[in-house]
Structure formats: structure tokens, C-alpha cells
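Printed here is work-v2.pdb (PDB, C-alpha atoms):
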ATOM      1  CA  MET A   1     152.812 107.891 137.033
ATOM      2  CA  ASN A   2     155.347 105.100 136.751
ATOM      3  CA  CYS A   3     155.555 103.968 133.107
ATOM      4  CA  GLU A   4     155.820 100.293 134.063
ATOM      5  CA  ARG A   5     152.628 100.492 136.155
ATOM      6  CA  LEU A   6     150.824 102.212 133.296
ATOM      7  CA  GLN A   7     152.013  99.581 130.832
ATOM      8  CA  THR A   8     150.915  96.755 133.158
ATOM      9  CA  PHE A   9     147.523  98.411 133.651
ATOM     10  CA  ARG A  10     146.955  98.720 129.899
ATOM     11  CA  GLN A  11     147.985  95.119 129.294
ATOM     12  CA  GLU A  12     145.528  93.914 131.938
ATOM     13  CA  ILE A  13     142.709  95.943 130.350
ATOM     14  CA  HIS A  14     143.550  94.445 126.939
ATOM     15  CA  ARG A  15     143.533  90.931 128.418
ATOM     16  CA  LEU A  16     140.047  91.406 129.883
ATOM     17  CA  LEU A  17     138.515  92.307 126.523
ATOM     18  CA  SER A  18     136.805  89.488 124.625
ATOM     19  CA  ARG A  19     136.195  89.913 120.887
ATOM     20  CA  ALA A  20     137.984  92.360 118.594
ATOM     21  CA  LYS A  21     140.446  93.257 121.331
ATOM     22  CA  ASP A  22     142.703  95.492 119.271
ATOM     23  CA  ALA A  23     139.860  97.438 117.650
ATOM     24  CA  THR A  24     138.075  97.963 120.990
ATOM     25  CA  PHE A  25     141.284  99.025 122.713
ATOM     26  CA  GLU A  26     142.061 101.527 119.969
ATOM     27  CA  LEU A  27     138.548 102.920 120.247
ATOM     28  CA  MET A  28     138.972 103.366 124.006
ATOM     29  CA  ASP A  29     142.240 105.208 123.410
ATOM     30  CA  ALA A  30     140.618 107.461 120.824
ATOM     31  CA  VAL A  31     137.676 108.357 123.092
ATOM     32  CA  MET A  32     139.850 109.058 126.145
ATOM     33  CA  THR A  33     142.373 111.207 124.292
ATOM     34  CA  THR A  34     139.851 113.322 122.337
ATOM     35  CA  ARG A  35     138.606 116.447 124.087
ATOM     36  CA  GLN A  36     135.063 116.320 122.710
ATOM     37  CA  ALA A  37     134.554 112.709 121.740
ATOM     38  CA  SER A  38     131.151 111.770 120.314
ATOM     39  CA  VAL A  39     130.427 108.129 119.273
ATOM     40  CA  PRO A  40     126.710 108.177 118.319
ATOM     41  CA  GLY A  41     124.902 104.954 117.467
ATOM     42  CA  GLN A  42     122.898 104.791 114.237
ATOM     43  CA  GLY A  43     120.310 102.206 113.299
ATOM     44  CA  TYR A  44     120.664 100.556 109.880
ATOM     45  CA  SER A  45     118.385  98.328 107.864
ATOM     46  CA  THR A  46     119.929  95.715 105.583
ATOM     47  CA  ILE A  47     118.449  93.511 102.883
ATOM     48  CA  ALA A  48     120.840  90.793 101.776
ATOM     49  CA  TRP A  49     120.764  87.923  99.314
ATOM     50  CA  LEU A  50     121.473  84.553 100.923
ATOM     51  CA  PRO A  51     122.709  81.637  98.791
ATOM     52  CA  GLU A  52     121.034  78.258  98.829
ATOM     53  CA  GLY A  53     122.519  75.440 100.866
ATOM     54  CA  LYS A  54     124.860  75.583 103.835
ATOM     55  CA  ASN A  55     126.790  78.832 103.589
ATOM     56  CA  SER A  56     128.018  81.433 106.057
ATOM     57  CA  TRP A  57     128.039  84.541 103.883
ATOM     58  CA  ALA A  58     125.578  87.049 102.478
ATOM     59  CA  LEU A  59     125.523  89.627  99.695
ATOM     60  CA  PRO A  60     124.090  92.988 100.900
ATOM     61  CA  LEU A  61     121.656  94.499  98.408
ATOM     62  CA  ARG A  62     120.536  97.579 100.371
ATOM     63  CA  HIS A  63     122.174  98.867 103.561
ATOM     64  CA  GLU A  64     120.718 102.198 104.672
ATOM     65  CA  ARG A  65     120.415 104.218 107.831
ATOM     66  CA  ILE A  66     117.050 104.383 109.580
ATOM     67  CA  THR A  67     116.229 108.080 109.859
ATOM     68  CA  SER A  68     114.541 109.698 112.852
ATOM     69  CA  TRP A  69     111.167 109.785 111.063
ATOM     70  CA  GLU A  70     111.280 106.074 110.137
ATOM     71  CA  SER A  71     110.899 102.840 112.067
ATOM     72  CA  PRO A  72     112.799  99.616 111.352
ATOM     73  CA  ILE A  73     109.618  98.083 109.917
ATOM     74  CA  SER A  74     108.673 101.010 107.679
ATOM     75  CA  LYS A  75     112.274 101.248 106.435
ATOM     76  CA  ALA A  76     112.563  97.536 105.668
ATOM     77  CA  ALA A  77     109.178  97.485 103.910
ATOM     78  CA  TRP A  78     110.235 100.448 101.742
ATOM     79  CA  GLN A  79     113.565  98.799 100.912
ATOM     80  CA  LEU A  80     111.824  95.579  99.958
ATOM     81  CA  LYS A  81     109.406  97.460  97.718
ATOM     82  CA  GLN A  82     112.299  99.171  95.919
ATOM     83  CA  LEU A  83     114.125  95.883  95.498
ATOM     84  CA  LEU A  84     111.120  94.118  93.976
ATOM     85  CA  LYS A  85     111.080  96.671  91.140
ATOM     86  CA  HIS A  86     114.234  94.986  89.826
ATOM     87  CA  TYR A  87     113.633  91.419  91.026
ATOM     88  CA  HIS A  88     111.126  89.529  88.923
ATOM     89  CA  HIS A  89     111.147  86.174  90.711
ATOM     90  CA  LYS A  90     109.146  84.990  93.698
ATOM     91  CA  ALA A  91     111.029  86.171  96.778
ATOM     92  CA  LEU A  92     111.218  84.431 100.135
ATOM     93  CA  VAL A  93     111.954  86.942 102.908
ATOM     94  CA  LEU A  94     113.489  85.706 106.184
ATOM     95  CA  LEU A  95     113.014  88.021 109.156
ATOM     96  CA  ASP A  96     114.075  88.184 112.791
ATOM     97  CA  ARG A  97     111.763  88.701 115.784
ATOM     98  CA  GLU A  98     111.628  92.492 115.451
ATOM     99  CA  TYR A  99     109.535  92.013 112.314
ATOM    100  CA  GLY A 100     107.345  89.150 113.527
ATOM    101  CA  ASN A 101     104.245  91.213 114.302
ATOM    102  CA  ALA A 102     101.092  92.791 112.864
ATOM    103  CA  LYS A 103     102.890  95.946 111.705
ATOM    104  CA  TRP A 104     105.101  94.013 109.304
ATOM    105  CA  VAL A 105     102.206  91.898 108.020
ATOM    106  CA  ASN A 106     100.107  95.004 107.310
ATOM    107  CA  ALA A 107     103.035  96.894 105.755
ATOM    108  CA  THR A 108     103.801  94.143 103.231
ATOM    109  CA  VAL A 109     100.349  92.722 102.479
ATOM    110  CA  LYS A 110     100.377  94.156  98.932
ATOM    111  CA  LEU A 111     103.874  92.933  98.113
ATOM    112  CA  LYS A 112     104.141  89.677  96.166
ATOM    113  CA  VAL A 113     106.494  87.963  98.597
ATOM    114  CA  ASP A 114     106.489  85.066 101.016
ATOM    115  CA  CYS A 115     107.745  85.800 104.520
ATOM    116  CA  VAL A 116     109.042  83.562 107.291
ATOM    117  CA  MET A 117     109.191  85.584 110.493
ATOM    118  CA  ARG A 118     110.537  84.573 113.849
ATOM    119  CA  ILE A 119     108.110  85.619 116.588
ATOM    120  CA  ARG A 120     108.576  86.117 120.304
ATOM    121  CA  SER A 121     107.541  83.369 122.701
ATOM    122  CA  ASN A 122     105.127  85.707 124.543
ATOM    123  CA  THR A 123     103.180  86.553 121.369
ATOM    124  CA  CYS A 124      99.403  86.048 121.207
ATOM    125  CA  LEU A 125      97.566  85.108 118.037
ATOM    126  CA  TRP A 126      93.883  84.623 117.283
ATOM    127  CA  GLY A 127      92.036  81.967 115.361
ATOM    128  CA  THR A 128      89.336  82.254 112.699
ATOM    129  CA  PRO A 129      86.116  83.793 114.086
ATOM    130  CA  PRO A 130      82.974  81.647 114.256
ATOM    131  CA  ALA A 131      80.280  81.938 111.627
ATOM    132  CA  TYR A 132      78.135  85.078 111.838
ATOM    133  CA  SER A 133      75.096  84.493 114.021
ATOM    134  CA  GLY A 134      73.052  87.208 112.329
ATOM    135  CA  ARG A 135      72.968  89.479 115.371
ATOM    136  CA  GLY A 136      75.282  92.358 116.211
ATOM    137  CA  ARG A 137      78.633  93.088 114.684
ATOM    138  CA  PRO A 138      80.467  90.148 113.054
ATOM    139  CA  ARG A 139      83.390  88.976 115.143
ATOM    140  CA  LYS A 140      86.932  89.508 113.843
ATOM    141  CA  HIS A 141      88.727  87.173 116.210
ATOM    142  CA  GLY A 142      88.256  83.601 117.273
ATOM    143  CA  GLN A 143      90.085  81.638 119.939
ATOM    144  CA  LYS A 144      93.058  83.346 121.561
ATOM    145  CA  TRP A 145      96.308  81.457 121.090
ATOM    146  CA  GLN A 146      98.969  82.245 123.668
ATOM    147  CA  LEU A 147     102.268  80.688 122.668
ATOM    148  CA  THR A 148     103.216  79.866 126.242
ATOM    149  CA  ALA A 149      99.974  77.884 126.844
ATOM    150  CA  THR A 150     100.151  75.164 124.198
ATOM    151  CA  GLU A 151      98.252  72.723 126.439
ATOM    152  CA  HIS A 152      95.026  74.577 125.579
ATOM    153  CA  TRP A 153      95.584  74.503 121.817
ATOM    154  CA  ASN A 154      93.934  72.466 119.123
ATOM    155  CA  SER A 155      95.823  69.647 117.464
ATOM    156  CA  PRO A 156      98.205  70.907 114.753
ATOM    157  CA  ASP A 157      97.073  70.825 111.142
ATOM    158  CA  GLU A 158     100.411  69.250 110.220
ATOM    159  CA  LEU A 159     102.965  67.437 112.350
ATOM    160  CA  LEU A 160     106.410  66.225 111.348
ATOM    161  CA  GLU A 161     109.122  64.430 113.328
ATOM    162  CA  LEU A 162     112.516  63.760 111.817
ATOM    163  CA  VAL A 163     116.099  63.005 112.746
ATOM    164  CA  THR A 164     118.774  65.430 111.542
ATOM    165  CA  SER A 165     122.543  65.141 111.628
ATOM    166  CA  SER A 166     123.010  68.600 113.169
ATOM    167  CA  TYR A 167     120.113  68.857 115.663
ATOM    168  CA  GLY A 168     119.118  65.293 116.456
ATOM    169  CA  ARG A 169     115.393  64.581 116.757
ATOM    170  CA  VAL A 170     113.239  67.531 115.697
ATOM    171  CA  ARG A 171     109.464  67.979 115.833
ATOM    172  CA  VAL A 172     107.785  70.575 113.598
ATOM    173  CA  SER A 173     104.110  71.539 114.124
ATOM    174  CA  LEU A 174     101.949  73.824 111.977
ATOM    175  CA  TRP A 175      98.633  75.577 112.643
ATOM    176  CA  LYS A 176      96.883  77.316 109.769
ATOM    177  CA  ASP A 177      94.836  80.505 109.458
ATOM    178  CA  LEU A 178      95.758  82.388 112.620
ATOM    179  CA  HIS A 179      96.265  86.150 112.763
ATOM    180  CA  PHE A 180      97.730  88.970 114.819
ATOM    181  CA  TYR A 181      95.148  91.064 116.644
ATOM    182  CA  SER A 182      95.817  94.206 114.575
ATOM    183  CA  ALA A 183      95.980  92.260 111.292
ATOM    184  CA  ALA A 184      92.748  90.299 111.378
ATOM    185  CA  ASP A 185      92.347  90.321 107.583
ATOM    186  CA  ASN A 186      95.838  88.934 106.930
ATOM    187  CA  PRO A 187      96.149  85.326 108.159
ATOM    188  CA  VAL A 188      99.430  83.622 108.992
ATOM    189  CA  ASN A 189     100.479  80.033 109.567
ATOM    190  CA  LEU A 190     102.145  79.343 112.902
ATOM    191  CA  ILE A 191     105.108  76.958 113.009
ATOM    192  CA  LEU A 192     106.677  75.476 116.136
ATOM    193  CA  VAL A 193     110.128  73.856 115.863
ATOM    194  CA  GLU A 194     111.221  71.783 118.868
ATOM    195  CA  ARG A 195     114.600  70.162 119.341
ATOM    196  CA  LEU A 196     113.767  67.009 121.294
ATOM    197  CA  ASP A 197     117.284  65.890 122.213
ATOM    198  CA  PRO A 198     119.306  67.955 124.720
ATOM    199  CA  THR A 199     122.655  69.407 123.755
ATOM    200  CA  GLY A 200     125.961  67.828 124.672
ATOM    201  CA  SER A 201     125.962  69.794 127.943
ATOM    202  CA  GLY A 202     122.475  68.509 128.814
ATOM    203  CA  ARG A 203     120.769  71.853 128.144
ATOM    204  CA  VAL A 204     117.301  71.739 126.581
ATOM    205  CA  MET A 205     117.017  74.181 123.678
ATOM    206  CA  PRO A 206     114.058  76.606 123.721
ATOM    207  CA  PRO A 207     111.466  76.190 120.946
ATOM    208  CA  LEU A 208     111.648  78.198 117.740
ATOM    209  CA  TRP A 209     108.421  80.013 116.799
ATOM    210  CA  LEU A 210     107.870  81.046 113.191
ATOM    211  CA  ALA A 211     105.031  82.657 111.242
ATOM    212  CA  TRP A 212     104.537  82.185 107.499
ATOM    213  CA  THR A 213     102.699  84.548 105.170
ATOM    214  CA  GLY A 214     102.396  84.232 101.415
ATOM    215  CA  GLU A 215     100.452  82.810  98.523
ATOM    216  CA  ARG A 216     102.446  79.672  97.785
ATOM    217  CA  THR A 217     102.809  76.614  99.994
ATOM    218  CA  MET A 218     106.056  74.946 101.015
ATOM    219  CA  PRO A 219     106.693  71.542 102.630
ATOM    220  CA  LEU A 220     106.867  71.766 106.420
ATOM    221  CA  GLU A 221     110.364  70.301 106.499
ATOM    222  CA  GLU A 222     111.627  72.901 104.052
ATOM    223  CA  ILE A 223     110.167  75.967 105.797
ATOM    224  CA  TRP A 224     112.228  75.756 108.979
ATOM    225  CA  HIS A 225     115.364  74.798 107.031
ATOM    226  CA  GLN A 226     114.863  77.903 104.919
ATOM    227  CA  TYR A 227     114.693  80.081 108.016
ATOM    228  CA  LEU A 228     118.031  78.758 109.291
ATOM    229  CA  ARG A 229     119.653  80.367 106.239
ATOM    230  CA  ARG A 230     118.924  83.772 107.793
ATOM    231  CA  PHE A 231     121.769  83.388 110.273
ATOM    232  CA  GLY A 232     124.217  83.802 107.386
ATOM    233  CA  ILE A 233     123.658  87.544 107.561
ATOM    234  CA  GLU A 234     124.980  87.617 111.133
ATOM    235  CA  HIS A 235     128.474  86.797 109.851
ATOM    236  CA  TRP A 236     128.296  89.726 107.440
ATOM    237  CA  TYR A 237     127.182  92.050 110.241
ATOM    238  CA  ARG A 238     130.132  90.994 112.402
ATOM    239  CA  PHE A 239     132.507  91.562 109.500
ATOM    240  CA  ALA A 240     131.016  94.997 108.726
ATOM    241  CA  HIS A 241     130.972  96.024 112.407
ATOM    242  CA  ARG A 242     134.594  95.036 112.922
ATOM    243  CA  ASN A 243     135.769  96.990 109.899
ATOM    244  CA  ASP A 244     133.614  99.955 110.883
ATOM    245  CA  CYS A 245     135.134  99.959 114.384
ATOM    246  CA  ILE A 246     138.649  99.872 112.941
ATOM    247  CA  GLY A 247     137.820 102.745 110.573
ATOM    248  CA  ARG A 248     136.327 104.823 113.391
ATOM    249  CA  CYS A 249     139.344 104.129 115.591
ATOM    250  CA  LEU A 250     141.770 105.246 112.912
ATOM    251  CA  ALA A 251     139.744 108.381 112.138
ATOM    252  CA  SER A 252     139.438 109.286 115.805
ATOM    253  CA  ARG A 253     143.140 108.623 116.390
ATOM    254  CA  LEU A 254     144.076 110.937 113.510
ATOM    255  CA  LEU A 255     141.740 113.577 114.910
ATOM    256  CA  SER A 256     143.283 113.187 118.323
ATOM    257  CA  ASN A 257     146.826 113.561 116.961
ATOM    258  CA  ALA A 258     145.801 116.631 114.968
ATOM    259  CA  ASN A 259     144.353 118.271 118.071
ATOM    260  CA  ALA A 260     147.452 117.485 120.075
ATOM    261  CA  GLY A 261     149.641 119.036 117.390
ATOM    262  CA  ALA A 262     147.522 122.200 117.349
ATOM    263  CA  ILE A 263     148.007 122.671 121.053
TER     264      ILE A 263
END

Step by step, read the file and then write its structure as C-alpha cells.
Amino acid sequence: MNCERLQTFRQEIHRLLSRAKDATFELMDAVMTTRQASVPGQGYSTIAWLPEGKNSWALPLRHERITSWESPISKAAWQLKQLLKHYHHKALVLLDREYGNAKWVNATVKLKVDCVMRIRSNTCLWGTPPAYSGRGRPRKHGQKWQLTATEHWNSPDELLELVTSSYGRVRVSLWKDLHFYSAADNPVNLILVERLDPTGSGRVMPPLWLAWTGERTMPLEEIWHQYLRRFGIEHWYRFAHRNDCIGRCLASRLLSNANAGAI
């Protein structure tokens, strides 16, 4: 093959890549030049400390692989339990949508923590059951609350509208004492955060659904601001992933060169 054509082809491939171009390109080289390349993906669970205020960094406290006999929820609950042995203050745990369900609520019910969980927009919750009528088995569930059918809901227990510098007009609604179907004995508070003003491009932002569990109470305005701190861990993940990719590329490249020398 003509060397100039090969060079042009490689330059075009590099140009088409988006983020971490050099690391991705090196990884492609390593995979294609290794006879028996294997790049397995491993799931990891991370608990990180997030500073107060507006920050874009996080301090990882536990970062461990999820084994084949564990689930992300069971692993995170175990990590949190180990961490609380050395942390003697009231902890506020911020969790993404993968943990916003009955399994997480049941797994952490005995832990002295408050949790703010993001939940999926197609989630269903149930209200408090009516008083026992004296006949048959007492009911565990009340009215079904489907997040996509808010027109059939009761009025919120708390409602707050405010103007923020970053998001414009925001409306925050709260309904108390709901529960997941498989966690009827562990109530949660449902929080809906709506950005009322469209973005600069005219796009309407989807609502943010949160669930709160815990013993203490927190002002409605503070709860959703606290959850926004969770995105600080995303910057750490990008940093760790980029450095991991570079390390894997270098290791694979050394392996490839060693194999070539042996031949």
C-alpha cells in the first residue's frame, strides 16, 4: 500500500474522532496490532465526597469493581455501610437513576443516612393506603401515582417558585409519604423540579424527578440544589477514564512491540 495513502487515511480517521482523540487512536492501534487483543469492560462502584458550594471536583473514598455475584445496588449499599463505620456525621447521599428504586430503599433502610435519588420519568409510586375497613387483609398501597400522568395527581404538599441566575424561573413541587411498590413500609417524598423558561435555543428542558428518604427534613429549595452537586463526580469519572485509556494504550502498545520482537 502506498505510504501517502495510508498516512492520509489515518489522518482522516483521527479527524473524525471526537473526545480524547489521541488516546482513542492509540487504543485502536493497540487492538489492531495485537494478535489476541482482549479489552473487557468492568463495572465499578464509586463513593466520593463532594464539597459544598459550586465546585467541579470530587474526592473518591471507595472505588471498587462490581464482581459477578454483586449488583450495582448491593455493592453501593455495602460500600456505604463500610464508610459509615468511620464517618460519624449525618450523611447526605446523592444518587443517579440506577439507584432510584425500591431495591435501594430496602437495602439502606437501616442505615442512618438521608438519600436524594433521581428517578426515571416512567416510574410508578403509590400513596398511603386508606384506613382499615375491618374486613379482609389490610391494604398496603393507596392511589397509584404515574409520573407521566400528573394531571390526575393531588395538589402538592409544598410548592415553590423562584428565579435563579443559572436556570431562570424554576418550580419545585413536593408530595409526601409515597412509596415504591416493593417497599411499602419505607415511604419517600417525591420532588418535581421544572425549568419554566426555555433554553437559549428555544428547547424546553425535561423535568427532574427526585425521591427523598431520611429522618431529617430539609427546605425544598435546598434539596434540589443539593442534588445538583452530584454532577461533580462526572468530571472525576472523565478524568479517571481518560487516564485509564492512556494507561491501557501504553500497556497494549508495549505488549504489541514485545510480540513483534519475538517473531

Exercise for the section: Tell me which residues the PyMOL selection byres ((chain A and resi 95) around 10) grabs here, as a VMD selection string. Expected result: chain A and resid 47 92 to 94 96 to 100 104 115 to 119 210 to 211 227 230 to 231

Centre and edges of the region 150-157 of chain A box, axis-aligned, 3 Å extra per side, as lines of an AutoDock Vina configuration file:
center_x = 97.0
center_y = 72.4
center_z = 118.8
size_x = 12.2
size_y = 11.5
size_z = 21.3

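The residue that comes closest to Ala77 (chain A), out of A:Arg15, A:Arg62, A:Arg5, A:Arg195 and on the basis of all atoms listed in the file, is A:Arg62.
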
Handout entry: Long-range neighbours of Ile191 (chain A) as a PyMOL selection string, 12 Å cut-off, all atoms listed in the file, 3 positions minimum in chain
Key = chain A and resi 116-119+121+147+156-160+171-178+188+194+207-213+219-224+227

Practice task
Convert the output of the PyMOL selection byres ((chain A and resi 49-61) around 9) on the shown file into explicit residues, formatted as a list in words.
Solution key: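 Applied to this file, the PyMOL selection byres ((chain A and resi 49-61) around 9) returns Thr46, Ile47, Ala48, Arg62, His63, Leu83, Gln226, Arg229, Arg230, Phe231, Gly232, Ile233, Glu234, His235 and Trp236 of chain A.
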
For region 31-65 of chain A, supply N, CA and C atoms and format the output as a CSV table (one decimal), in the frame of the given file.
chain,number,residue,atom,x,y,z
A,31,VAL,N,138.7,107.6,122.3
A,31,VAL,CA,137.7,108.4,123.1
A,31,VAL,C,138.3,109.1,124.3
A,32,MET,N,139.3,108.4,124.9
A,32,MET,CA,139.8,109.1,126.1
A,32,MET,C,140.8,110.2,125.8
A,33,THR,N,141.4,110.2,124.6
A,33,THR,CA,142.4,111.2,124.3
A,33,THR,C,141.8,112.3,123.4
A,34,THR,N,140.5,112.3,123.1
A,34,THR,CA,139.9,113.3,122.3
A,34,THR,C,139.1,114.2,123.3
A,35,ARG,N,139.2,115.5,123.2
A,35,ARG,CA,138.6,116.4,124.1
A,35,ARG,C,137.1,116.4,124.0
A,36,GLN,N,136.5,116.3,122.9
A,36,GLN,CA,135.1,116.3,122.7
A,36,GLN,C,134.7,115.1,121.9
A,37,ALA,N,134.8,113.9,122.5
A,37,ALA,CA,134.6,112.7,121.7
A,37,ALA,C,133.0,112.5,121.7
A,38,SER,N,132.6,112.1,120.5
A,38,SER,CA,131.2,111.8,120.3
A,38,SER,C,131.1,110.5,119.4
A,39,VAL,N,130.5,109.4,120.0
A,39,VAL,CA,130.4,108.1,119.3
A,39,VAL,C,128.9,107.8,119.2
A,40,PRO,N,128.1,108.4,118.4
A,40,PRO,CA,126.7,108.2,118.3
A,40,PRO,C,126.4,106.8,117.6
A,41,GLY,N,125.3,106.2,118.1
A,41,GLY,CA,124.9,105.0,117.5
A,41,GLY,C,123.8,105.2,116.4
A,42,GLN,N,123.9,104.6,115.3
A,42,GLN,CA,122.9,104.8,114.2
A,42,GLN,C,122.3,103.4,113.9
A,43,GLY,N,121.0,103.4,113.7
A,43,GLY,CA,120.3,102.2,113.3
A,43,GLY,C,120.3,102.0,111.8
A,44,TYR,N,120.6,100.8,111.3
A,44,TYR,CA,120.7,100.6,109.9
A,44,TYR,C,119.7,99.4,109.6
A,45,SER,N,119.2,99.4,108.4
A,45,SER,CA,118.4,98.3,107.9
A,45,SER,C,119.1,97.7,106.6
A,46,THR,N,119.2,96.4,106.6
A,46,THR,CA,119.9,95.7,105.6
A,46,THR,C,119.1,94.6,104.9
A,47,ILE,N,119.0,94.6,103.6
A,47,ILE,CA,118.4,93.5,102.9
A,47,ILE,C,119.6,92.8,102.1
A,48,ALA,N,119.7,91.5,102.4
A,48,ALA,CA,120.8,90.8,101.8
A,48,ALA,C,120.3,89.6,101.1
A,49,TRP,N,121.1,89.2,100.0
A,49,TRP,CA,120.8,87.9,99.3
A,49,TRP,C,121.5,86.8,100.0
A,50,LEU,N,120.8,85.7,100.3
A,50,LEU,CA,121.5,84.6,100.9
A,50,LEU,C,121.5,83.4,99.9
A,51,PRO,N,122.6,82.8,99.7
A,51,PRO,CA,122.7,81.6,98.8
A,51,PRO,C,122.0,80.4,99.3
A,52,GLU,N,121.6,79.5,98.4
A,52,GLU,CA,121.0,78.3,98.8
A,52,GLU,C,122.1,77.4,99.5
A,53,GLY,N,121.6,76.4,100.3
A,53,GLY,CA,122.5,75.4,100.9
A,53,GLY,C,123.2,76.0,102.1
A,54,LYS,N,124.2,75.2,102.6
A,54,LYS,CA,124.9,75.6,103.8
A,54,LYS,C,126.0,76.5,103.5
A,55,ASN,N,125.8,77.8,103.8
A,55,ASN,CA,126.8,78.8,103.6
A,55,ASN,C,126.8,79.8,104.8
A,56,SER,N,127.9,80.5,104.9
A,56,SER,CA,128.0,81.4,106.1
A,56,SER,C,128.3,82.8,105.5
A,57,TRP,N,127.8,83.2,104.4
A,57,TRP,CA,128.0,84.5,103.9
A,57,TRP,C,126.8,85.1,103.3
A,58,ALA,N,126.7,86.4,103.0
A,58,ALA,CA,125.6,87.0,102.5
A,58,ALA,C,126.0,88.2,101.6
A,59,LEU,N,125.2,88.5,100.6
A,59,LEU,CA,125.5,89.6,99.7
A,59,LEU,C,124.6,90.8,100.0
A,60,PRO,N,125.0,91.9,100.6
A,60,PRO,CA,124.1,93.0,100.9
A,60,PRO,C,123.6,93.6,99.6
A,61,LEU,N,122.3,93.8,99.6
A,61,LEU,CA,121.7,94.5,98.4
A,61,LEU,C,121.3,96.0,98.7
A,62,ARG,N,120.8,96.2,99.9
A,62,ARG,CA,120.5,97.6,100.4
A,62,ARG,C,120.9,97.7,101.8
A,63,HIS,N,121.7,98.7,102.2
A,63,HIS,CA,122.2,98.9,103.6
A,63,HIS,C,122.1,100.4,103.8
A,64,GLU,N,121.0,100.8,104.5
A,64,GLU,CA,120.7,102.2,104.7
A,64,GLU,C,120.4,102.5,106.1
A,65,ARG,N,120.7,103.8,106.5
A,65,ARG,CA,120.4,104.2,107.8
A,65,ARG,C,118.9,104.5,108.0
